[in-house]
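Notes follow once the structure below has been shown.
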Amino acid sequence: MPIAARYEDLLLQIVDRIRRYVSIFGGEGTCFLSLDPDQLPPSPGDMICIVAPLNGTFGQDYFTGGGKEQMQVDSGFVVKIHSPLVLDEVQREADFLTDQSLGVISVARQVLNILSEWAPTNEDGDQIIRDLVSPSSFSFTRSNERIGAVELMFRLNFDWNVTSGDEES
């Protein structure tokens with residue numbers, strides 16, 4: 001059985017893993033956590049990666065059997081990769097998709113590779129999710145009809161540690 005996880009630690013590990021293994025997102029300004037995966041910084045000049053949590057549900061059978069010690073969550077997160085290419089010409093759309101340095105498909109492949117079948121761990125090396133991270137869907141989008149992006153959705157199934165932190169148990 002996995003060790004219960006602090007939800008915030010899971011989300012920060014996802015961002016950290018992307019920054020560490022996808023070189024284009026090596027800095028804080030190019031890959032970050034947000035509630036809104038469409039919330040771009042003003043005038044982004046680089047490819048931007050935003051990790052956003054998705055809604056989830058609590059497993060009632062687990063809670064009935066284990067209470068706060070087994071608060072199982074079925075949830076997920078989105079990784080949205082925004083390209084700096086302005087899609088104002090037909091050829092730009094092909095570049096947006098397939099260019100080796102600015103194309104979102106090659107960057108999405110890297111993100112899928114490093115997050116799929118991965119299990120975040122705690123400082124002792126114990127797995128803190130029930131199932132390995134797995135992709136669930138993807139979509140290509142446009143913001144304001146000019147900026148393109150790819151959204152990668154992932155499943156995240158874990159036991160939420162609600163008894164640790166600053167508040168009393």
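Just remember, in the structure tokens the first chain shown is A, the second B, etc., residues are 1-based per chain, and ligands are 1-based in the order shown.
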
Selection near A:Gln127, 10 Å with only C-alpha atoms, sequence-local residues under 5 positions removed, as a ChimeraX atom specification: /A:1-5,118-122,132,158

If you run DSSP on the backbone, which residues of chain A are alpha helix (DSSP H), as a PDB file with C-alpha atoms, in the first residue's frame?
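This went into part21.pdb:
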ATOM      1  CA  TYR A   7      -1.362  16.915  -2.366  1.00  0.00           C
ATOM      2  CA  GLU A   8       0.801  20.015  -2.706  1.00  0.00           C
ATOM      3  CA  ASP A   9       3.942  17.846  -2.678  1.00  0.00           C
ATOM      4  CA  LEU A  10       2.599  15.756  -5.571  1.00  0.00           C
ATOM      5  CA  LEU A  11       1.866  18.820  -7.687  1.00  0.00           C
ATOM      6  CA  LEU A  12       5.262  20.375  -7.004  1.00  0.00           C
ATOM      7  CA  GLN A  13       7.015  17.098  -7.872  1.00  0.00           C
ATOM      8  CA  ILE A  14       5.255  17.072 -11.252  1.00  0.00           C
ATOM      9  CA  VAL A  15       6.477  20.593 -12.047  1.00  0.00           C
ATOM     10  CA  ASP A  16       9.968  19.756 -10.784  1.00  0.00           C
ATOM     11  CA  ARG A  17      10.161  16.616 -12.940  1.00  0.00           C
ATOM     12  CA  ILE A  18       9.186  18.535 -16.070  1.00  0.00           C
ATOM     13  CA  ARG A  19      11.754  21.262 -15.328  1.00  0.00           C
ATOM     14  CA  ARG A  20      14.460  18.683 -14.676  1.00  0.00           C
ATOM     15  CA  TYR A  21      13.920  16.431 -17.706  1.00  0.00           C
ATOM     16  CA  GLN A  60     -16.057   6.143  -0.281  1.00  0.00           C
ATOM     17  CA  ASP A  61     -15.273   2.451   0.254  1.00  0.00           C
ATOM     18  CA  TYR A  62     -11.725   3.299   1.298  1.00  0.00           C
ATOM     19  CA  PHE A  63     -12.903   6.084   3.602  1.00  0.00           C
ATOM     20  CA  THR A  64     -15.518   3.843   5.218  1.00  0.00           C
ATOM     21  CA  GLY A  65     -12.829   1.284   6.001  1.00  0.00           C
ATOM     22  CA  GLY A  66      -9.939   3.568   6.900  1.00  0.00           C
ATOM     23  CA  VAL A  90      -1.204  28.426 -42.712  1.00  0.00           C
ATOM     24  CA  GLN A  91       2.456  27.312 -42.675  1.00  0.00           C
ATOM     25  CA  ARG A  92       2.761  28.456 -39.058  1.00  0.00           C
ATOM     26  CA  GLU A  93       0.270  25.774 -38.033  1.00  0.00           C
ATOM     27  CA  ALA A  94       2.504  23.064 -39.502  1.00  0.00           C
ATOM     28  CA  ASP A  95       5.515  24.575 -37.700  1.00  0.00           C
ATOM     29  CA  PHE A  96       3.491  24.782 -34.475  1.00  0.00           C
ATOM     30  CA  LEU A  97       2.805  21.052 -34.700  1.00  0.00           C
ATOM     31  CA  THR A  98       6.003  19.613 -36.184  1.00  0.00           C
ATOM     32  CA  VAL A 104       4.409  21.135 -29.570  1.00  0.00           C
ATOM     33  CA  ILE A 105       4.273  17.483 -30.642  1.00  0.00           C
ATOM     34  CA  SER A 106       7.966  16.848 -29.940  1.00  0.00           C
ATOM     35  CA  VAL A 107       7.729  18.612 -26.575  1.00  0.00           C
ATOM     36  CA  ALA A 108       4.514  16.731 -25.719  1.00  0.00           C
ATOM     37  CA  ARG A 109       6.329  13.480 -26.509  1.00  0.00           C
ATOM     38  CA  GLN A 110       9.037  14.378 -23.991  1.00  0.00           C
ATOM     39  CA  VAL A 111       6.470  15.234 -21.294  1.00  0.00           C
ATOM     40  CA  LEU A 112       4.510  12.034 -21.952  1.00  0.00           C
ATOM     41  CA  ASN A 113       7.728  10.041 -21.749  1.00  0.00           C
ATOM     42  CA  ILE A 114       8.843  11.419 -18.367  1.00  0.00           C
ATOM     43  CA  LEU A 115       5.443  11.438 -16.643  1.00  0.00           C
TER      44      LEU A 115
END

Which residue of A:Val73, A:Leu102, A:Val22, A:Val51 approaches A:Leu152 most closely, using only C-alpha atoms: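 Of A:Val73, A:Leu102, A:Val22, A:Val51, the one nearest A:Leu152, counting only C-alpha atoms, is A:Val51.
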
Would you mind telling me which residue in A:Val150, A:Arg142, A:Ala52, A:Pro41 lies nearest to A:Gly29 when using only C-alpha atoms?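 Nearest candidate to A:Gly29 out of A:Val150, A:Arg142, A:Ala52, A:Pro41: A:Pro41.
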
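The closest residue to A:His82, picked from A:Gly103, A:Gly56, A:Pro135, A:Gly26 and counting only C-alpha atoms, is A:Gly103.
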
Identify all residues of chain A in strand (DSSP E or B) (DSSP on the backbone) and supply them as a ChimeraX atom specification. /A:5,31-33,48-53,57-58,72-86,121,127,134-143,147-160

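For the pair atom CA of A:Gly76 and atom CA of A:Ser137, the interatomic distance is 10.9 Å.
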
Fewer than 5 positions away in the same chain doesn't count, so skip those; otherwise give me all residues within 7 Å of A:Arg155, counting only C-alpha atoms, as an MDAnalysis selection string. chainID A and resid 75:77 133:136

Of the residues A:Ala149, A:Met71, A:Ile128, A:Leu54, which is the one nearest to A:Pro84, using only C-alpha atoms?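 Nearest candidate to A:Pro84 out of A:Ala149, A:Met71, A:Ile128, A:Leu54: A:Ala149.
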
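If you measure from each of A:Met47, A:Val79, A:Leu156, A:Val162 to A:Leu33 using only C-alpha atoms, the closest one turns out to be A:Val79.
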